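The structure file upload.cif is reproduced below (mmCIF, C-alpha atoms).
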data_entry
loop_
_atom_site.group_PDB
_atom_site.id
_atom_site.type_symbol
_atom_site.label_atom_id
_atom_site.label_comp_id
_atom_site.auth_asym_id
_atom_site.auth_seq_id
_atom_site.Cartn_x
_atom_site.Cartn_y
_atom_site.Cartn_z
ATOM 1 C CA MET A 85 -51.062 -20.326 45.869
ATOM 2 C CA SER A 86 -48.449 -22.928 46.875
ATOM 3 C CA SER A 87 -51.083 -25.688 47.036
ATOM 4 C CA LYS A 88 -52.087 -24.827 43.479
ATOM 5 C CA LYS A 89 -48.449 -24.957 42.390
ATOM 6 C CA THR A 90 -48.386 -28.728 42.803
ATOM 7 C CA LYS A 91 -51.954 -29.393 41.661
ATOM 8 C CA LEU A 92 -51.318 -29.785 37.931
ATOM 9 C CA ASN A 93 -48.456 -31.337 36.024
ATOM 10 C CA ILE A 94 -49.045 -30.205 32.460
ATOM 11 C CA GLY A 95 -47.651 -31.821 29.351
ATOM 12 C CA SER A 96 -47.915 -30.691 25.764
ATOM 13 C CA ASP A 97 -47.224 -32.007 22.344
ATOM 14 C CA PHE A 98 -44.969 -29.830 20.204
ATOM 15 C CA ASP A 99 -45.846 -30.019 16.485
ATOM 16 C CA GLY A 100 -49.284 -28.637 15.682
ATOM 17 C CA THR A 101 -49.749 -27.524 19.270
ATOM 18 C CA ILE A 102 -46.934 -25.123 20.168
ATOM 19 C CA ILE A 103 -45.526 -24.709 16.673
ATOM 20 C CA ASP A 104 -47.838 -24.006 13.715
ATOM 21 C CA HIS A 105 -46.884 -25.870 10.534
ATOM 22 C CA SER A 106 -50.045 -24.937 8.602
ATOM 23 C CA PHE A 107 -48.305 -22.664 6.101
ATOM 24 C CA GLN A 108 -45.489 -25.159 5.503
ATOM 25 C CA LYS A 109 -47.949 -28.008 4.966
ATOM 26 C CA ILE A 110 -49.967 -25.956 2.460
ATOM 27 C CA LYS A 111 -46.806 -25.020 0.574
ATOM 28 C CA LEU A 112 -45.454 -28.577 0.500
ATOM 29 C CA ALA A 113 -48.820 -30.089 -0.461
ATOM 30 C CA LYS A 114 -48.901 -27.800 -3.523
ATOM 31 C CA LYS A 115 -45.674 -29.469 -4.719
ATOM 32 C CA TYR A 116 -47.672 -32.716 -4.802
ATOM 33 C CA ASN A 117 -50.647 -31.003 -6.524
ATOM 34 C CA TYR A 118 -52.860 -30.769 -3.431
ATOM 35 C CA ASP A 119 -54.506 -27.494 -2.430
ATOM 36 C CA LEU A 120 -55.041 -27.551 1.304
ATOM 37 C CA ARG A 121 -56.901 -24.973 3.335
ATOM 38 C CA PRO A 122 -55.535 -24.218 6.814
ATOM 39 C CA PHE A 123 -58.039 -26.428 8.624
ATOM 40 C CA GLU A 124 -57.092 -29.325 6.327
ATOM 41 C CA THR A 125 -53.483 -29.188 7.546
ATOM 42 C CA TYR A 126 -54.631 -30.730 10.805
ATOM 43 C CA SER A 127 -53.059 -34.207 10.696
ATOM 44 C CA ASP A 128 -56.246 -36.213 11.223
ATOM 45 C CA ILE A 129 -57.937 -34.376 8.321
ATOM 46 C CA MET A 130 -54.900 -34.199 6.049
ATOM 47 C CA LYS A 131 -54.486 -37.975 6.114
ATOM 48 C CA SER A 132 -57.945 -38.329 4.536
ATOM 49 C CA ILE A 133 -56.936 -36.039 1.640
ATOM 50 C CA ILE A 134 -53.321 -36.870 0.898
ATOM 51 C CA PRO A 135 -51.946 -40.400 0.369
ATOM 52 C CA LYS A 136 -50.033 -41.807 3.331
ATOM 53 C CA ASP A 137 -46.629 -41.822 1.581
ATOM 54 C CA THR A 138 -47.008 -38.189 0.507
ATOM 55 C CA ALA A 139 -48.145 -37.156 3.971
ATOM 56 C CA LYS A 140 -45.073 -38.877 5.449
ATOM 57 C CA GLU A 141 -42.808 -36.935 3.085
ATOM 58 C CA ILE A 142 -44.481 -33.677 4.085
ATOM 59 C CA GLN A 143 -44.108 -34.593 7.760
ATOM 60 C CA LYS A 144 -40.449 -35.495 7.290
ATOM 61 C CA SER A 145 -39.834 -32.119 5.613
ATOM 62 C CA ILE A 146 -41.518 -30.005 8.272
ATOM 63 C CA TYR A 147 -39.690 -31.878 11.044
ATOM 64 C CA GLY A 148 -36.373 -30.985 9.413
ATOM 65 C CA GLU A 149 -34.897 -27.575 8.684
ATOM 66 C CA LEU A 150 -38.333 -26.177 7.743
ATOM 67 C CA THR A 151 -39.158 -26.273 11.451
ATOM 68 C CA LEU A 152 -37.070 -23.148 11.859
ATOM 69 C CA SER A 153 -39.354 -21.120 9.580
ATOM 70 C CA SER A 154 -42.644 -22.184 11.187
ATOM 71 C CA PRO A 155 -44.236 -19.691 13.592
ATOM 72 C CA ILE A 156 -45.267 -20.201 17.182
ATOM 73 C CA THR A 157 -48.976 -20.838 17.706
ATOM 74 C CA ASP A 158 -50.797 -17.670 18.762
ATOM 75 C CA PHE A 159 -50.334 -16.864 22.470
ATOM 76 C CA ALA A 160 -48.472 -20.116 23.198
ATOM 77 C CA LYS A 161 -45.451 -18.449 24.804
ATOM 78 C CA GLU A 162 -47.508 -16.114 26.996
ATOM 79 C CA VAL A 163 -49.736 -18.936 28.193
ATOM 80 C CA LEU A 164 -46.816 -21.320 28.763
ATOM 81 C CA GLU A 165 -45.206 -18.610 30.897
ATOM 82 C CA GLU A 166 -48.358 -18.119 32.935
ATOM 83 C CA LEU A 167 -48.990 -21.846 33.343
ATOM 84 C CA THR A 168 -45.416 -22.297 34.566
ATOM 85 C CA GLU A 169 -45.881 -19.492 37.095
ATOM 86 C CA ILE A 170 -49.147 -20.938 38.420
ATOM 87 C CA PHE A 171 -48.341 -24.654 38.232
ATOM 88 C CA ASN A 172 -45.280 -26.841 37.759
ATOM 89 C CA PRO A 173 -42.878 -26.554 34.804
ATOM 90 C CA ILE A 174 -44.512 -27.644 31.550
ATOM 91 C CA LYS A 175 -43.175 -30.836 29.969
ATOM 92 C CA ILE A 176 -43.024 -31.215 26.187
ATOM 93 C CA ILE A 177 -43.364 -34.740 24.826
ATOM 94 C CA SER A 178 -42.869 -35.082 21.082
ATOM 95 C CA ARG A 179 -42.705 -38.052 18.727
ATOM 96 C CA ARG A 180 -40.055 -36.249 16.688
ATOM 97 C CA GLY A 181 -37.523 -38.816 17.840
ATOM 98 C CA VAL A 182 -38.299 -40.938 14.774
ATOM 99 C CA TYR A 183 -37.001 -38.289 12.361
ATOM 100 C CA ASP A 184 -33.343 -37.572 11.602
ATOM 101 C CA ASN A 185 -32.464 -34.284 13.263
ATOM 102 C CA GLY A 186 -36.110 -33.788 14.325
ATOM 103 C CA PRO A 187 -35.135 -33.220 17.966
ATOM 104 C CA LYS A 188 -32.231 -30.960 16.977
ATOM 105 C CA TYR A 189 -34.455 -28.619 14.958
ATOM 106 C CA ALA A 190 -37.168 -28.660 17.628
ATOM 107 C CA ILE A 191 -34.719 -27.580 20.337
ATOM 108 C CA GLU A 192 -33.239 -24.934 18.041
ATOM 109 C CA TRP A 193 -36.746 -23.594 17.341
ATOM 110 C CA MET A 194 -37.645 -23.676 21.046
ATOM 111 C CA ARG A 195 -34.537 -21.670 21.939
ATOM 112 C CA LYS A 196 -35.868 -18.958 19.639
ATOM 113 C CA TYR A 197 -39.492 -18.996 20.811
ATOM 114 C CA VAL A 198 -40.205 -20.737 24.126
ATOM 115 C CA ILE A 199 -37.039 -21.142 26.171
ATOM 116 C CA PRO A 200 -37.825 -19.825 28.755
ATOM 117 C CA PRO A 201 -40.462 -20.636 30.042
ATOM 118 C CA ILE A 202 -39.794 -24.174 28.796
ATOM 119 C CA LYS A 203 -36.465 -25.628 29.904
ATOM 120 C CA VAL A 204 -34.460 -27.924 27.619
ATOM 121 C CA GLU A 205 -34.447 -30.596 30.336
ATOM 122 C CA ASP A 206 -38.269 -30.571 30.236
ATOM 123 C CA VAL A 207 -38.381 -31.533 26.539
ATOM 124 C CA PHE A 208 -38.628 -35.233 25.702
ATOM 125 C CA PHE A 209 -38.613 -37.085 22.388
ATOM 126 C CA VAL A 210 -40.122 -40.525 21.859
ATOM 127 C CA LEU A 211 -40.295 -42.931 18.931
ATOM 128 C CA GLU A 212 -43.893 -44.144 19.292
ATOM 129 C CA ASP A 213 -47.101 -42.446 20.401
ATOM 130 C CA VAL A 214 -47.663 -45.052 23.132
ATOM 131 C CA GLU A 215 -44.356 -43.954 24.710
ATOM 132 C CA LYS A 216 -45.958 -40.588 25.428
ATOM 133 C CA ASP A 217 -48.217 -42.263 27.977
ATOM 134 C CA GLU A 218 -45.316 -44.154 29.560
ATOM 135 C CA LEU A 219 -43.371 -40.921 29.901
ATOM 136 C CA ALA A 220 -46.417 -39.014 31.151
ATOM 137 C CA LYS A 221 -46.806 -41.632 33.884
ATOM 138 C CA LYS A 222 -43.133 -41.342 34.856
ATOM 139 C CA LEU A 223 -43.376 -37.522 34.920
ATOM 140 C CA LYS A 224 -46.739 -37.643 36.764
ATOM 141 C CA ILE A 225 -48.442 -35.570 34.074
ATOM 142 C CA ASN A 226 -52.159 -35.264 34.754
ATOM 143 C CA VAL A 227 -53.043 -32.737 32.016
ATOM 144 C CA TYR A 228 -51.990 -33.155 28.384
ATOM 145 C CA ILE A 229 -52.774 -31.219 25.213
ATOM 146 C CA ASP A 230 -52.208 -32.623 21.727
ATOM 147 C CA ASP A 231 -53.509 -31.873 18.251
ATOM 148 C CA LYS A 232 -54.102 -35.563 17.458
ATOM 149 C CA GLU A 233 -57.024 -37.452 18.914
ATOM 150 C CA SER A 234 -55.256 -40.724 18.052
ATOM 151 C CA VAL A 235 -52.373 -39.781 20.366
ATOM 152 C CA LEU A 236 -54.718 -38.872 23.211
ATOM 153 C CA ASP A 237 -56.338 -42.296 22.780
ATOM 154 C CA LYS A 238 -52.970 -43.855 23.631
ATOM 155 C CA MET A 239 -52.558 -41.853 26.849
ATOM 156 C CA PRO A 240 -54.982 -43.426 29.349
ATOM 157 C CA PHE A 241 -52.731 -42.589 32.321
ATOM 158 C CA VAL A 242 -53.389 -38.855 31.860
ATOM 159 C CA LYS A 243 -56.520 -37.769 33.717
ATOM 160 C CA TYR A 244 -57.278 -34.631 31.662
ATOM 161 C CA ARG A 245 -56.658 -34.908 27.925
ATOM 162 C CA PHE A 246 -57.387 -31.985 25.617
ATOM 163 C CA HIS A 247 -57.635 -31.927 21.849
ATOM 164 C CA PHE A 248 -55.988 -28.790 20.445
ATOM 165 C CA TYR A 249 -57.685 -27.628 17.265
ATOM 166 C CA PRO A 250 -57.361 -23.877 16.559
ATOM 167 C CA HIS A 251 -58.726 -23.846 13.008
ATOM 168 C CA GLY A 252 -62.279 -22.717 13.766
ATOM 169 C CA VAL A 253 -63.986 -25.542 11.879
ATOM 170 C CA ASP A 254 -66.198 -27.907 13.843
ATOM 171 C CA ILE A 255 -64.748 -31.357 14.362
ATOM 172 C CA LYS A 256 -65.833 -34.313 16.440
ATOM 173 C CA SER A 257 -63.598 -35.518 19.228
ATOM 174 C CA LYS A 258 -63.779 -37.825 22.230
ATOM 175 C CA TYR A 259 -61.898 -35.169 24.197
ATOM 176 C CA PRO A 260 -62.647 -31.559 25.071
ATOM 177 C CA ILE A 261 -61.619 -29.399 22.118
ATOM 178 C CA VAL A 262 -59.404 -26.434 22.905
ATOM 179 C CA ARG A 263 -59.345 -23.711 20.245
ATOM 180 C CA SER A 264 -56.578 -21.514 21.663
ATOM 181 C CA TRP A 265 -53.834 -21.389 24.241
ATOM 182 C CA ARG A 266 -55.790 -18.733 26.126
ATOM 183 C CA GLU A 267 -58.744 -21.093 26.376
ATOM 184 C CA PHE A 268 -56.409 -23.830 27.638
ATOM 185 C CA LEU A 269 -55.099 -21.486 30.342
ATOM 186 C CA GLU A 270 -58.636 -20.769 31.591
ATOM 187 C CA ILE A 271 -59.476 -24.482 31.628
ATOM 188 C CA CYS A 272 -56.336 -25.316 33.623
ATOM 189 C CA LYS A 273 -57.119 -22.608 36.172
ATOM 190 C CA LYS A 274 -60.465 -24.326 36.838
ATOM 191 C CA LEU A 275 -59.118 -27.872 37.208
#
Could you quickly redo this structure as C-alpha cells?
Amino acid sequence: MSSKKTKLNIGSDFDGTIIDHSFQKIKLAKKYNYDLRPFETYSDIMKSIIPKDTAKEIQKSIYGELTLSSPITDFAKEVLEELTEIFNPIKIISRRGVYDNGPKYAIEWMRKYVIPPIKVEDVFFVLEDVEKDELAKKLKINVYIDDKESVLDKMPFVKYRFHFYPHGVDIKSKYPIVRSWREFLEICKKL
C-alpha cells in the first residue's frame, strides 16, 4: 500500500466540484428573470443562457456569504477522506482569489464540511485559471478534477484531467466526464 500512497497527487477545484451552488444559482437567476434547471447551472451551459454581466453578478454573490448556505456535493467528504487515506493529501486549487472575501468564505465553509480530510494548508487560491496549472506543477499534481472544461484546457501539466458534471444530462467534453465523487474514487483506484 505504501507504493500506492505516493502514486497519485490529486487536486480538485472547489466551486461546482466540492460545493454545490446549483440551488443558489437558480434562486439568483430568478431575480434576473431567468428560470434555470439544475443542469443549466453548470457554468459552461449557464454562460450560453445568461448575459456575461449577469452571470458575473451571480458568481460574485455565490462566492460571498451565500457560500455558507450551499451544500456539499453528494459523497464528496467521504470520497475525499478515502482518497486521502489511499493516496497523498488532496490539494484544492480555486480561482476564488479574484473575489473579495471569496477565500474567507471558502475556508469557513470547508471548516464546516471538509476539514478534515482537507487541511487548510492544502487549499490554494489563484487569480487566473492559468495559475492553476502553474500551481499544479509546483505541487506535482498529476490528477485534477474540475467542473469547467475551459479550466482543464489550461492545465496541460496535469496528466489526468477529469470533467466533473453530476447533472445527469449528456454533454460533450474533451476530458473523461465524472458524474459523481464515488465514480472519481473508482477511477483513481485504477490509475
Looking at all atoms listed in the file, which of A:Glu218, A:Asp237, A:Asp254, A:Asp128 is the one that sits closest to Gly100 (chain A)?
-> A:Asp128
Picked residues, the PyMOL selection byres ((chain A and resi 101) around 10), expected as a PDB file with C-alpha atoms, keeping the file's coordinate frame:
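Written file, out_17.pdb:
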ATOM      1  CA  SER A  96     -47.915 -30.691  25.764  1.00  0.00           C
ATOM      2  CA  ASP A  97     -47.224 -32.007  22.344  1.00  0.00           C
ATOM      3  CA  PHE A  98     -44.969 -29.830  20.204  1.00  0.00           C
ATOM      4  CA  ASP A  99     -45.846 -30.019  16.485  1.00  0.00           C
ATOM      5  CA  GLY A 100     -49.284 -28.637  15.682  1.00  0.00           C
ATOM      6  CA  ILE A 102     -46.934 -25.123  20.168  1.00  0.00           C
ATOM      7  CA  ILE A 103     -45.526 -24.709  16.673  1.00  0.00           C
ATOM      8  CA  ASP A 104     -47.838 -24.006  13.715  1.00  0.00           C
ATOM      9  CA  HIS A 105     -46.884 -25.870  10.534  1.00  0.00           C
ATOM     10  CA  ILE A 156     -45.267 -20.201  17.182  1.00  0.00           C
ATOM     11  CA  THR A 157     -48.976 -20.838  17.706  1.00  0.00           C
ATOM     12  CA  ASP A 158     -50.797 -17.670  18.762  1.00  0.00           C
ATOM     13  CA  ALA A 160     -48.472 -20.116  23.198  1.00  0.00           C
ATOM     14  CA  ILE A 229     -52.774 -31.219  25.213  1.00  0.00           C
ATOM     15  CA  ASP A 230     -52.208 -32.623  21.727  1.00  0.00           C
ATOM     16  CA  ASP A 231     -53.509 -31.873  18.251  1.00  0.00           C
ATOM     17  CA  LYS A 232     -54.102 -35.563  17.458  1.00  0.00           C
ATOM     18  CA  HIS A 247     -57.635 -31.927  21.849  1.00  0.00           C
ATOM     19  CA  PHE A 248     -55.988 -28.790  20.445  1.00  0.00           C
ATOM     20  CA  TYR A 249     -57.685 -27.628  17.265  1.00  0.00           C
ATOM     21  CA  PRO A 250     -57.361 -23.877  16.559  1.00  0.00           C
ATOM     22  CA  SER A 264     -56.578 -21.514  21.663  1.00  0.00           C
ATOM     23  CA  TRP A 265     -53.834 -21.389  24.241  1.00  0.00           C
TER      24      TRP A 265
END
Run the PyMOL selection byres ((chain A and resi 147) around 10) against the file shown and list the residues it catches, as a list in words.
->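 Answer for the PyMOL selection byres ((chain A and resi 147) around 10): Asp99, His105, Glu141, Ile142, Gln143, Lys144, Ser145, Ile146, Gly148, Glu149, Leu150, Thr151, Leu152, Arg180, Gly181, Val182, Tyr183, Asp184, Asn185, Gly186, Pro187, Lys188, Tyr189 and Ala190 of chain A.
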Output of the above residues as a compact mmCIF listing (two decimals), keeping the file's coordinate frame, restricted to C-alpha atoms:
# COMPACT_ATOMS: atom_id res chain seq x y z
CA ASP A 99 -45.85 -30.02 16.48
CA HIS A 105 -46.88 -25.87 10.53
CA GLU A 141 -42.81 -36.94 3.08
CA ILE A 142 -44.48 -33.68 4.08
CA GLN A 143 -44.11 -34.59 7.76
CA LYS A 144 -40.45 -35.49 7.29
CA SER A 145 -39.83 -32.12 5.61
CA ILE A 146 -41.52 -30.00 8.27
CA GLY A 148 -36.37 -30.98 9.41
CA GLU A 149 -34.90 -27.58 8.68
CA LEU A 150 -38.33 -26.18 7.74
CA THR A 151 -39.16 -26.27 11.45
CA LEU A 152 -37.07 -23.15 11.86
CA ARG A 180 -40.06 -36.25 16.69
CA GLY A 181 -37.52 -38.82 17.84
CA VAL A 182 -38.30 -40.94 14.77
CA TYR A 183 -37.00 -38.29 12.36
CA ASP A 184 -33.34 -37.57 11.60
CA ASN A 185 -32.46 -34.28 13.26
CA GLY A 186 -36.11 -33.79 14.32
CA PRO A 187 -35.14 -33.22 17.97
CA LYS A 188 -32.23 -30.96 16.98
CA TYR A 189 -34.46 -28.62 14.96
CA ALA A 190 -37.17 -28.66 17.63
Check which residues satisfy the PyMOL selection byres ((chain A and resi 118-125) around 10) in the file shown, then give them as number ranges by chain.
-> A: 100, 104-117, 126-134, 249-254
Keeping only C-alpha atoms, write the selected residues as an mmCIF file, in the frame of the given file.
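Produced file out-v3.cif, reproduced below:
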data_model
loop_
_atom_site.group_PDB
_atom_site.id
_atom_site.type_symbol
_atom_site.label_atom_id
_atom_site.label_comp_id
_atom_site.auth_asym_id
_atom_site.auth_seq_id
_atom_site.Cartn_x
_atom_site.Cartn_y
_atom_site.Cartn_z
ATOM 1 C CA GLY A 100 -49.284 -28.637 15.682
ATOM 2 C CA ASP A 104 -47.838 -24.006 13.715
ATOM 3 C CA HIS A 105 -46.884 -25.870 10.534
ATOM 4 C CA SER A 106 -50.045 -24.937 8.602
ATOM 5 C CA PHE A 107 -48.305 -22.664 6.101
ATOM 6 C CA GLN A 108 -45.489 -25.159 5.503
ATOM 7 C CA LYS A 109 -47.949 -28.008 4.966
ATOM 8 C CA ILE A 110 -49.967 -25.956 2.460
ATOM 9 C CA LYS A 111 -46.806 -25.020 0.574
ATOM 10 C CA LEU A 112 -45.454 -28.577 0.500
ATOM 11 C CA ALA A 113 -48.820 -30.089 -0.461
ATOM 12 C CA LYS A 114 -48.901 -27.800 -3.523
ATOM 13 C CA LYS A 115 -45.674 -29.469 -4.719
ATOM 14 C CA TYR A 116 -47.672 -32.716 -4.802
ATOM 15 C CA ASN A 117 -50.647 -31.003 -6.524
ATOM 16 C CA TYR A 126 -54.631 -30.730 10.805
ATOM 17 C CA SER A 127 -53.059 -34.207 10.696
ATOM 18 C CA ASP A 128 -56.246 -36.213 11.223
ATOM 19 C CA ILE A 129 -57.937 -34.376 8.321
ATOM 20 C CA MET A 130 -54.900 -34.199 6.049
ATOM 21 C CA LYS A 131 -54.486 -37.975 6.114
ATOM 22 C CA SER A 132 -57.945 -38.329 4.536
ATOM 23 C CA ILE A 133 -56.936 -36.039 1.640
ATOM 24 C CA ILE A 134 -53.321 -36.870 0.898
ATOM 25 C CA TYR A 249 -57.685 -27.628 17.265
ATOM 26 C CA PRO A 250 -57.361 -23.877 16.559
ATOM 27 C CA HIS A 251 -58.726 -23.846 13.008
ATOM 28 C CA GLY A 252 -62.279 -22.717 13.766
ATOM 29 C CA VAL A 253 -63.986 -25.542 11.879
ATOM 30 C CA ASP A 254 -66.198 -27.907 13.843
#
Can you work out the spacing between CA of Val235 (chain A) and CA of Val214 (chain A) in Å, to one decimal?
->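 Computing the Euclidean distance for CA of Val235 (chain A) and CA of Val214 (chain A) yields 7.6 Å.
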Identify which of the residues A:Ile225, A:Ala220, A:Ile255, A:Ile271 lies closest to Ile94 (chain A), counting only C-alpha atoms when measuring atom-to-atom distances.
->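 Going through A:Ile225, A:Ala220, A:Ile255, A:Ile271 one by one, the smallest distance to Ile94 (chain A) is for A:Ile225.
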Work out how far CA of Phe159 (chain A) is from CA of Lys224 (chain A), in Å to one decimal.
->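 Computed distance, CA of Lys224 (chain A) to CA of Phe159 (chain A), equals 25.5 Å.
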So how far away is CA of Ser234 (chain A) from CA of Met194 (chain A), in Å?
-> 24.7 Å
Contact residues around Asp217 (chain A) with all atoms listed in the file at 8 Å, ignoring same-chain residues under 6 positions, as a PyMOL selection string | chain A and resi 238-242
Residue rebuild result region 234-256 of chain A, N, CA and C atoms as a compact mmCIF listing (two decimals), in the frame of the given file:
# COMPACT_ATOMS: atom_id res chain seq x y z
N SER A 234 -55.82 -39.37 18.00
CA SER A 234 -55.26 -40.72 18.05
C SER A 234 -54.14 -40.84 19.10
N VAL A 235 -53.40 -39.77 19.33
CA VAL A 235 -52.37 -39.78 20.37
C VAL A 235 -53.03 -39.77 21.75
N LEU A 236 -54.02 -38.94 21.93
CA LEU A 236 -54.72 -38.87 23.21
C LEU A 236 -55.34 -40.23 23.57
N ASP A 237 -55.79 -40.95 22.56
CA ASP A 237 -56.34 -42.30 22.78
C ASP A 237 -55.31 -43.22 23.43
N LYS A 238 -54.05 -42.99 23.14
CA LYS A 238 -52.97 -43.86 23.63
C LYS A 238 -52.38 -43.36 24.95
N MET A 239 -53.07 -42.42 25.61
CA MET A 239 -52.56 -41.85 26.85
C MET A 239 -53.56 -42.01 28.00
N PRO A 240 -53.97 -43.24 28.30
CA PRO A 240 -54.98 -43.43 29.35
C PRO A 240 -54.52 -43.03 30.76
N PHE A 241 -53.22 -42.98 31.00
CA PHE A 241 -52.73 -42.59 32.32
C PHE A 241 -53.11 -41.15 32.66
N VAL A 242 -53.16 -40.29 31.64
CA VAL A 242 -53.39 -38.85 31.86
C VAL A 242 -54.87 -38.61 32.15
N LYS A 243 -55.14 -38.00 33.29
CA LYS A 243 -56.52 -37.77 33.72
C LYS A 243 -57.27 -36.80 32.81
N TYR A 244 -56.63 -35.67 32.48
CA TYR A 244 -57.28 -34.63 31.66
C TYR A 244 -56.55 -34.53 30.32
N ARG A 245 -57.24 -34.96 29.27
CA ARG A 245 -56.66 -34.91 27.92
C ARG A 245 -57.46 -33.92 27.08
N PHE A 246 -56.74 -33.02 26.41
CA PHE A 246 -57.39 -31.98 25.62
C PHE A 246 -56.91 -32.03 24.18
N HIS A 247 -57.88 -31.86 23.29
CA HIS A 247 -57.64 -31.93 21.85
C HIS A 247 -57.48 -30.50 21.33
N PHE A 248 -56.27 -30.14 20.93
CA PHE A 248 -55.99 -28.79 20.44
C PHE A 248 -56.35 -28.70 18.97
N TYR A 249 -57.25 -27.81 18.66
CA TYR A 249 -57.68 -27.63 17.26
C TYR A 249 -58.07 -26.16 17.07
N PRO A 250 -57.12 -25.32 16.65
CA PRO A 250 -57.36 -23.88 16.56
C PRO A 250 -57.95 -23.38 15.25
N HIS A 251 -58.36 -24.27 14.36
CA HIS A 251 -58.73 -23.85 13.01
C HIS A 251 -60.14 -23.32 12.82
N GLY A 252 -60.96 -23.34 13.85
CA GLY A 252 -62.28 -22.72 13.77
C GLY A 252 -63.35 -23.50 13.02
N VAL A 253 -63.02 -24.69 12.56
CA VAL A 253 -63.99 -25.54 11.88
C VAL A 253 -64.42 -26.61 12.88
N ASP A 254 -65.71 -26.90 12.90
CA ASP A 254 -66.20 -27.91 13.84
C ASP A 254 -65.67 -29.29 13.49
N ILE A 255 -65.18 -29.97 14.50
CA ILE A 255 -64.75 -31.36 14.36
C ILE A 255 -65.34 -32.14 15.52
N LYS A 256 -65.38 -33.45 15.36
CA LYS A 256 -65.83 -34.31 16.44
C LYS A 256 -64.60 -34.86 17.14
